[in-house]
$ cat target_16.pdb   # PDB, C-alpha atoms, pLDDT in the B column
ATOM      1  CA  MET D 111      20.330 -11.324   6.328  1.00 67.00           C
ATOM      2  CA  THR D 112      18.659  -8.464   4.474  1.00 80.00           C
ATOM      3  CA  THR D 113      15.845  -6.396   5.889  1.00 85.00           C
ATOM      4  CA  PRO D 114      12.537  -7.034   4.074  1.00 91.00           C
ATOM      5  CA  ASP D 115      11.305  -4.151   1.955  1.00 95.00           C
ATOM      6  CA  LEU D 116       8.219  -2.161   2.906  1.00 96.00           C
ATOM      7  CA  PHE D 117       5.963  -3.963   0.417  1.00 96.00           C
ATOM      8  CA  ALA D 118       6.910  -7.384   1.856  1.00 95.00           C
ATOM      9  CA  VAL D 119       6.339  -6.206   5.426  1.00 96.00           C
ATOM     10  CA  VAL D 120       2.939  -4.720   4.567  1.00 96.00           C
ATOM     11  CA  CYS D 121       1.838  -7.885   2.741  1.00 95.00           C
ATOM     12  CA  ASN D 122       3.102 -10.244   5.438  1.00 94.00           C
ATOM     13  CA  THR D 123       1.515  -8.298   8.290  1.00 95.00           C
ATOM     14  CA  GLY D 124      -1.704  -7.464   6.442  1.00 95.00           C
ATOM     15  CA  THR D 125      -1.477  -3.859   7.576  1.00 93.00           C
ATOM     16  CA  ASP D 126      -3.131  -1.104   5.526  1.00 92.00           C
ATOM     17  CA  THR D 127      -0.411   1.519   5.141  1.00 93.00           C
ATOM     18  CA  MET D 128      -0.500   5.152   4.032  1.00 90.00           C
ATOM     19  CA  ILE D 129       2.893   6.639   3.213  1.00 91.00           C
ATOM     20  CA  SER D 130       2.751  10.426   3.163  1.00 87.00           C
ATOM     21  CA  ILE D 131       6.426  11.237   2.653  1.00 88.00           C
ATOM     22  CA  ALA D 132       7.994   8.346   0.737  1.00 90.00           C
ATOM     23  CA  ARG D 133      11.177  10.240  -0.010  1.00 88.00           C
ATOM     24  CA  GLU D 134      12.137  10.538   3.636  1.00 91.00           C
ATOM     25  CA  THR D 135      15.586   8.908   3.784  1.00 92.00           C
ATOM     26  CA  ARG D 136      14.790   6.254   6.382  1.00 91.00           C
ATOM     27  CA  LEU D 137      11.652   5.169   4.549  1.00 91.00           C
ATOM     28  CA  ALA D 138      13.092   5.448   1.042  1.00 92.00           C
ATOM     29  CA  GLN D 139      15.739   2.898   2.007  1.00 93.00           C
ATOM     30  CA  ARG D 140      12.971   0.362   2.734  1.00 95.00           C
ATOM     31  CA  LEU D 141      11.413   0.733  -0.732  1.00 96.00           C
ATOM     32  CA  PRO D 142      12.402  -1.902  -3.304  1.00 94.00           C
ATOM     33  CA  ALA D 143      14.765  -0.828  -6.091  1.00 93.00           C
ATOM     34  CA  TRP D 144      12.166  -1.630  -8.792  1.00 94.00           C
ATOM     35  CA  TYR D 145       9.736   0.756  -7.076  1.00 95.00           C
ATOM     36  CA  ARG D 146      12.233   3.597  -6.774  1.00 93.00           C
ATOM     37  CA  ALA D 147      13.268   3.134 -10.422  1.00 94.00           C
ATOM     38  CA  CYS D 148       9.797   2.823 -11.961  1.00 94.00           C
ATOM     39  CA  LEU D 149       7.233   4.574  -9.758  1.00 93.00           C
ATOM     40  CA  ASN D 150       8.781   6.468  -6.861  1.00 92.00           C
ATOM     41  CA  ALA D 151       5.570   8.298  -5.923  1.00 93.00           C
ATOM     42  CA  PRO D 152       5.897  10.818  -3.088  1.00 91.00           C
ATOM     43  CA  THR D 153       2.668   9.604  -1.420  1.00 91.00           C
ATOM     44  CA  PHE D 154       1.012   6.197  -1.695  1.00 93.00           C
ATOM     45  CA  LEU D 155      -1.391   3.767  -0.074  1.00 92.00           C
ATOM     46  CA  LEU D 156      -0.879  -0.004   0.254  1.00 95.00           C
ATOM     47  CA  LEU D 157      -3.847  -2.266   0.991  1.00 95.00           C
ATOM     48  CA  PRO D 158      -2.808  -5.929   1.189  1.00 96.00           C
ATOM     49  CA  LEU D 159      -5.188  -8.731   0.215  1.00 95.00           C
ATOM     50  CA  LEU D 160      -5.060 -11.844   2.412  1.00 94.00           C
ATOM     51  CA  ILE D 161      -6.953 -15.117   2.471  1.00 92.00           C
ATOM     52  CA  LYS D 162      -6.545 -17.219   5.607  1.00 90.00           C
ATOM     53  CA  GLY D 163      -3.664 -14.959   6.667  1.00 91.00           C
ATOM     54  CA  ALA D 164      -1.679 -15.487   3.458  1.00 94.00           C
ATOM     55  CA  PRO D 165      -1.057 -12.528   1.133  1.00 94.00           C
ATOM     56  CA  PHE D 166      -2.152 -12.971  -2.483  1.00 92.00           C
ATOM     57  CA  GLY D 167      -2.431  -9.421  -3.770  1.00 94.00           C
ATOM     58  CA  LEU D 168      -2.040  -5.745  -3.043  1.00 95.00           C
ATOM     59  CA  ILE D 169      -4.104  -2.667  -3.888  1.00 95.00           C
ATOM     60  CA  TYR D 170      -1.802   0.260  -4.606  1.00 95.00           C
ATOM     61  CA  ALA D 171      -2.851   3.903  -4.992  1.00 91.00           C
ATOM     62  CA  GLU D 172      -0.560   6.888  -5.363  1.00 90.00           C
ATOM     63  CA  LYS D 173      -0.497  10.629  -5.638  1.00 85.00           C
ATOM     64  CA  LYS D 174       1.956  12.191  -8.029  1.00 80.00           C
ATOM     65  CA  GLN D 175       2.323  15.367  -5.979  1.00 76.00           C
ATOM     66  CA  HIS D 176       3.166  15.426  -2.300  1.00 69.00           C
ATOM     67  CA  GLY D 177       0.728  17.504  -0.308  1.00 63.00           C
ATOM     68  CA  SER D 178      -2.011  17.356  -2.939  1.00 60.00           C
ATOM     69  CA  GLN D 179      -5.538  16.886  -1.689  1.00 57.00           C
ATOM     70  CA  GLU D 180      -5.422  14.822   1.472  1.00 73.00           C
ATOM     71  CA  LEU D 181      -7.887  12.020   2.111  1.00 78.00           C
ATOM     72  CA  ASP D 182     -10.485  12.748   4.736  1.00 82.00           C
ATOM     73  CA  GLU D 183     -11.470  10.120   7.279  1.00 86.00           C
ATOM     74  CA  LYS D 184     -14.516   8.961   5.276  1.00 90.00           C
ATOM     75  CA  GLU D 185     -12.531   8.567   2.037  1.00 86.00           C
ATOM     76  CA  LEU D 186      -9.792   6.651   3.822  1.00 83.00           C
ATOM     77  CA  SER D 187     -12.377   4.416   5.499  1.00 86.00           C
ATOM     78  CA  LEU D 188     -13.980   3.615   2.124  1.00 89.00           C
ATOM     79  CA  LEU D 189     -10.590   2.846   0.561  1.00 87.00           C
ATOM     80  CA  CYS D 190      -9.653   0.585   3.459  1.00 85.00           C
ATOM     81  CA  ALA D 191     -12.900  -1.371   2.923  1.00 91.00           C
ATOM     82  CA  LEU D 192     -11.764  -2.292  -0.607  1.00 92.00           C
ATOM     83  CA  PRO D 193      -9.511  -5.194   0.413  1.00 92.00           C
ATOM     84  CA  ASN D 194     -12.358  -6.918   2.274  1.00 91.00           C
ATOM     85  CA  GLN D 195     -14.643  -6.525  -0.725  1.00 93.00           C
ATOM     86  CA  ALA D 196     -11.968  -7.845  -3.093  1.00 92.00           C
ATOM     87  CA  VAL D 197     -11.217 -10.840  -0.858  1.00 92.00           C
ATOM     88  CA  MET D 198     -14.926 -11.726  -0.667  1.00 91.00           C
ATOM     89  CA  ALA D 199     -15.140 -11.557  -4.464  1.00 92.00           C
ATOM     90  CA  PHE D 200     -12.083 -13.809  -4.896  1.00 87.00           C
ATOM     91  CA  LYS D 201     -13.474 -16.320  -2.396  1.00 87.00           C
ATOM     92  CA  GLN D 202     -16.678 -16.624  -4.436  1.00 87.00           C
ATOM     93  CA  PHE D 203     -14.697 -17.588  -7.549  1.00 80.00           C
ATOM     94  CA  SER D 204     -12.344 -20.059  -5.900  1.00 69.00           C
TER      95      SER D 204
END
$ encode --input "target_16.pdb" --output "structure tokens"
Amino acid sequence: MTTPDLFAVVCNTGTDTMISIARETRLAQRLPAWYRACLNAPTFLLLPLLIKGAPFGLIYAEKKQHGSQELDEKELSLLCALPNQAVMAFKQFS
């Protein structure tokens, strides 16, 4: 049995996740091969979208340079509100 990659875990648990050092060996091993080959950002944010507990999408944001401007608490709070807003919008159209 293989260990689920980080994206699958985040989507299945519905946990907003900020990765500050994606190239750390232990964490890098949990990233899917397609991600490491195509994107491989040093810092990224994953905000899963769920309806009735089931994942249907993911908001992804990255920073190309590790240690570039950090998000303050207010900015992070606003970003973490995005999934709820997106889910409400999708519910209105379904």
$ resolve_selection --input "target_16.pdb" --expression "the PyMOL selection byres ((chain D and resi 153) around 7)" --output "VMD selection string"
chain D and resid 129 to 132 151 to 152 154 172 to 173 176
$ atom_distance --input "target_16.pdb" --atom1 "CA of Arg133 (chain D)" --atom2 "CA of Ala196 (chain D)"
29.5 Å
$ residues_around --input "target_16.pdb" --residues "Pro158 (chain D)" --least-positions-apart "5" --cutoff "6 Å" --atoms "all atoms listed in the file" --output "JSON, numbers by chain"
{"D": [121, 124, 168]}
$ closest_residue --input "target_16.pdb" --among "D:Gln175, D:Asn194, D:Thr112, D:Thr127" --to "Ile161 (chain D)" --atoms "all atoms listed in the file"
D:Asn194
$ residues_around --input "target_16.pdb" --residues "Leu159 (chain D)" --least-positions-apart "5" --cutoff "6 Å" --atoms "only C-alpha atoms" --output "list in words"
Pro165, Phe166, Gly167, Leu168 and Pro193 of chain D
$ resolve_selection --input "target_16.pdb" --expression "the PyMOL selection byres ((chain D and resi 145) around 12)" --output "JSON, numbers by chain"
{"D": [115, 116, 117, 132, 133, 138, 139, 140, 141, 142, 143, 144, 146, 147, 148, 149, 150, 151, 152, 154, 170]}
$ atom_distance --input "target_16.pdb" --atom1 "CA of Ala118 (chain D)" --atom2 "CA of Val197 (chain D)"
18.7 Å
$ atom_distance --input "target_16.pdb" --atom1 "CA of Ile169 (chain D)" --atom2 "CA of Leu156 (chain D)"
5.9 Å
$ residues_around --input "target_16.pdb" --residues "region 182-189 of chain D" --least-positions-apart "4" --cutoff "10 Å" --atoms "all atoms listed in the file" --output "PyMOL selection string"
chain D and resi 126+128+155+157+169+171+193
$ closest_residue --input "target_16.pdb" --among "D:Arg136, D:Lys174, D:Thr125, D:Pro114" --to "Leu160 (chain D)" --atoms "all atoms listed in the file"
D:Thr125
$ decode --input "target_16.pdb" --residues "region 181-195 of chain D" --atoms "all heavy atoms" --output "PDB file, in the first residue's frame"
ATOM      1  N   LEU D 181       3.268  36.054   4.579  1.00  0.00           N
ATOM      2  CA  LEU D 181       1.900  36.505   4.763  1.00  0.00           C
ATOM      3  C   LEU D 181       1.688  36.869   6.221  1.00  0.00           C
ATOM      4  O   LEU D 181       2.082  36.120   7.116  1.00  0.00           O
ATOM      5  CB  LEU D 181       0.922  35.395   4.384  1.00  0.00           C
ATOM      6  CG  LEU D 181       0.936  34.933   2.939  1.00  0.00           C
ATOM      7  CD1 LEU D 181       0.042  33.717   2.773  1.00  0.00           C
ATOM      8  CD2 LEU D 181       0.491  36.049   2.025  1.00  0.00           C
ATOM      9  N   ASP D 182       1.063  38.018   6.454  1.00  0.00           N
ATOM     10  CA  ASP D 182       0.735  38.334   7.840  1.00  0.00           C
ATOM     11  C   ASP D 182      -0.576  37.640   8.202  1.00  0.00           C
ATOM     12  O   ASP D 182      -1.224  37.028   7.354  1.00  0.00           O
ATOM     13  CB  ASP D 182       0.691  39.842   8.084  1.00  0.00           C
ATOM     14  CG  ASP D 182      -0.419  40.561   7.326  1.00  0.00           C
ATOM     15  OD1 ASP D 182      -1.491  39.957   7.081  1.00  0.00           O
ATOM     16  OD2 ASP D 182      -0.233  41.747   6.995  1.00  0.00           O
ATOM     17  N   GLU D 183      -0.952  37.722   9.447  1.00  0.00           N
ATOM     18  CA  GLU D 183      -2.124  36.997   9.933  1.00  0.00           C
ATOM     19  C   GLU D 183      -3.405  37.425   9.203  1.00  0.00           C
ATOM     20  O   GLU D 183      -4.246  36.585   8.868  1.00  0.00           O
ATOM     21  CB  GLU D 183      -2.269  37.232  11.439  1.00  0.00           C
ATOM     22  CG  GLU D 183      -3.230  36.287  12.105  1.00  0.00           C
ATOM     23  CD  GLU D 183      -3.181  36.400  13.610  1.00  0.00           C
ATOM     24  OE1 GLU D 183      -2.079  36.439  14.174  1.00  0.00           O
ATOM     25  OE2 GLU D 183      -4.266  36.444  14.211  1.00  0.00           O
ATOM     26  N   LYS D 184      -3.544  38.707   8.911  1.00  0.00           N
ATOM     27  CA  LYS D 184      -4.741  39.202   8.222  1.00  0.00           C
ATOM     28  C   LYS D 184      -4.807  38.666   6.788  1.00  0.00           C
ATOM     29  O   LYS D 184      -5.853  38.217   6.326  1.00  0.00           O
ATOM     30  CB  LYS D 184      -4.767  40.720   8.219  1.00  0.00           C
ATOM     31  CG  LYS D 184      -6.018  41.291   7.584  1.00  0.00           C
ATOM     32  CD  LYS D 184      -6.054  42.796   7.628  1.00  0.00           C
ATOM     33  CE  LYS D 184      -7.319  43.302   6.956  1.00  0.00           C
ATOM     34  NZ  LYS D 184      -7.366  44.763   6.949  1.00  0.00           N
ATOM     35  N   GLU D 185      -3.671  38.701   6.082  1.00  0.00           N
ATOM     36  CA  GLU D 185      -3.636  38.191   4.707  1.00  0.00           C
ATOM     37  C   GLU D 185      -3.962  36.698   4.671  1.00  0.00           C
ATOM     38  O   GLU D 185      -4.733  36.245   3.822  1.00  0.00           O
ATOM     39  CB  GLU D 185      -2.255  38.432   4.089  1.00  0.00           C
ATOM     40  CG  GLU D 185      -1.948  39.879   3.828  1.00  0.00           C
ATOM     41  CD  GLU D 185      -0.494  40.111   3.469  1.00  0.00           C
ATOM     42  OE1 GLU D 185       0.394  39.448   4.040  1.00  0.00           O
ATOM     43  OE2 GLU D 185      -0.246  40.979   2.612  1.00  0.00           O
ATOM     44  N   LEU D 186      -3.384  35.953   5.589  1.00  0.00           N
ATOM     45  CA  LEU D 186      -3.638  34.520   5.647  1.00  0.00           C
ATOM     46  C   LEU D 186      -5.103  34.244   5.967  1.00  0.00           C
ATOM     47  O   LEU D 186      -5.734  33.371   5.371  1.00  0.00           O
ATOM     48  CB  LEU D 186      -2.714  33.859   6.670  1.00  0.00           C
ATOM     49  CG  LEU D 186      -2.712  32.340   6.684  1.00  0.00           C
ATOM     50  CD1 LEU D 186      -2.360  31.773   5.312  1.00  0.00           C
ATOM     51  CD2 LEU D 186      -1.735  31.833   7.729  1.00  0.00           C
ATOM     52  N   SER D 187      -5.679  35.018   6.866  1.00  0.00           N
ATOM     53  CA  SER D 187      -7.087  34.869   7.218  1.00  0.00           C
ATOM     54  C   SER D 187      -7.976  35.128   6.006  1.00  0.00           C
ATOM     55  O   SER D 187      -8.935  34.390   5.754  1.00  0.00           O
ATOM     56  CB  SER D 187      -7.437  35.830   8.355  1.00  0.00           C
ATOM     57  OG  SER D 187      -8.811  35.802   8.624  1.00  0.00           O
ATOM     58  N   LEU D 188      -7.675  36.159   5.232  1.00  0.00           N
ATOM     59  CA  LEU D 188      -8.456  36.473   4.032  1.00  0.00           C
ATOM     60  C   LEU D 188      -8.328  35.361   2.996  1.00  0.00           C
ATOM     61  O   LEU D 188      -9.317  34.962   2.370  1.00  0.00           O
ATOM     62  CB  LEU D 188      -8.019  37.812   3.440  1.00  0.00           C
ATOM     63  CG  LEU D 188      -8.394  39.043   4.257  1.00  0.00           C
ATOM     64  CD1 LEU D 188      -7.709  40.281   3.697  1.00  0.00           C
ATOM     65  CD2 LEU D 188      -9.902  39.225   4.295  1.00  0.00           C
ATOM     66  N   LEU D 189      -7.120  34.849   2.803  1.00  0.00           N
ATOM     67  CA  LEU D 189      -6.921  33.745   1.856  1.00  0.00           C
ATOM     68  C   LEU D 189      -7.683  32.503   2.297  1.00  0.00           C
ATOM     69  O   LEU D 189      -8.282  31.811   1.472  1.00  0.00           O
ATOM     70  CB  LEU D 189      -5.431  33.417   1.711  1.00  0.00           C
ATOM     71  CG  LEU D 189      -4.645  34.325   0.797  1.00  0.00           C
ATOM     72  CD1 LEU D 189      -3.146  34.036   0.924  1.00  0.00           C
ATOM     73  CD2 LEU D 189      -5.092  34.161  -0.642  1.00  0.00           C
ATOM     74  N   CYS D 190      -7.677  32.223   3.576  1.00  0.00           N
ATOM     75  CA  CYS D 190      -8.357  31.026   4.076  1.00  0.00           C
ATOM     76  C   CYS D 190      -9.879  31.160   3.997  1.00  0.00           C
ATOM     77  O   CYS D 190     -10.594  30.162   4.064  1.00  0.00           O
ATOM     78  CB  CYS D 190      -7.907  30.709   5.493  1.00  0.00           C
ATOM     79  SG  CYS D 190      -6.199  30.090   5.541  1.00  0.00           S
ATOM     80  N   ALA D 191     -10.389  32.374   3.837  1.00  0.00           N
ATOM     81  CA  ALA D 191     -11.829  32.581   3.658  1.00  0.00           C
ATOM     82  C   ALA D 191     -12.256  32.273   2.220  1.00  0.00           C
ATOM     83  O   ALA D 191     -13.435  32.043   1.963  1.00  0.00           O
ATOM     84  CB  ALA D 191     -12.208  34.007   4.025  1.00  0.00           C
ATOM     85  N   LEU D 192     -11.318  32.260   1.298  1.00  0.00           N
ATOM     86  CA  LEU D 192     -11.636  32.005  -0.114  1.00  0.00           C
ATOM     87  C   LEU D 192     -12.370  30.691  -0.357  1.00  0.00           C
ATOM     88  O   LEU D 192     -13.352  30.674  -1.106  1.00  0.00           O
ATOM     89  CB  LEU D 192     -10.367  32.035  -0.965  1.00  0.00           C
ATOM     90  CG  LEU D 192      -9.850  33.389  -1.386  1.00  0.00           C
ATOM     91  CD1 LEU D 192      -8.536  33.243  -2.126  1.00  0.00           C
ATOM     92  CD2 LEU D 192     -10.858  34.124  -2.227  1.00  0.00           C
ATOM     93  N   PRO D 193     -11.939  29.583   0.221  1.00  0.00           N
ATOM     94  CA  PRO D 193     -12.661  28.333  -0.037  1.00  0.00           C
ATOM     95  C   PRO D 193     -14.142  28.404   0.323  1.00  0.00           C
ATOM     96  O   PRO D 193     -14.986  27.928  -0.433  1.00  0.00           O
ATOM     97  CB  PRO D 193     -11.925  27.301   0.815  1.00  0.00           C
ATOM     98  CG  PRO D 193     -10.555  27.847   0.952  1.00  0.00           C
ATOM     99  CD  PRO D 193     -10.733  29.336   1.019  1.00  0.00           C
ATOM    100  N   ASN D 194     -14.465  29.024   1.456  1.00  0.00           N
ATOM    101  CA  ASN D 194     -15.874  29.136   1.852  1.00  0.00           C
ATOM    102  C   ASN D 194     -16.658  29.956   0.836  1.00  0.00           C
ATOM    103  O   ASN D 194     -17.790  29.606   0.484  1.00  0.00           O
ATOM    104  CB  ASN D 194     -16.001  29.763   3.244  1.00  0.00           C
ATOM    105  CG  ASN D 194     -15.477  28.860   4.325  1.00  0.00           C
ATOM    106  OD1 ASN D 194     -15.490  27.647   4.187  1.00  0.00           O
ATOM    107  ND2 ASN D 194     -15.010  29.447   5.405  1.00  0.00           N
ATOM    108  N   GLN D 195     -16.064  31.033   0.367  1.00  0.00           N
ATOM    109  CA  GLN D 195     -16.729  31.869  -0.631  1.00  0.00           C
ATOM    110  C   GLN D 195     -16.933  31.103  -1.939  1.00  0.00           C
ATOM    111  O   GLN D 195     -17.988  31.174  -2.561  1.00  0.00           O
ATOM    112  CB  GLN D 195     -15.911  33.146  -0.885  1.00  0.00           C
ATOM    113  CG  GLN D 195     -15.764  34.036   0.324  1.00  0.00           C
ATOM    114  CD  GLN D 195     -17.100  34.584   0.802  1.00  0.00           C
ATOM    115  OE1 GLN D 195     -17.949  34.977   0.023  1.00  0.00           O
ATOM    116  NE2 GLN D 195     -17.305  34.589   2.113  1.00  0.00           N
TER     117      GLN D 195
END
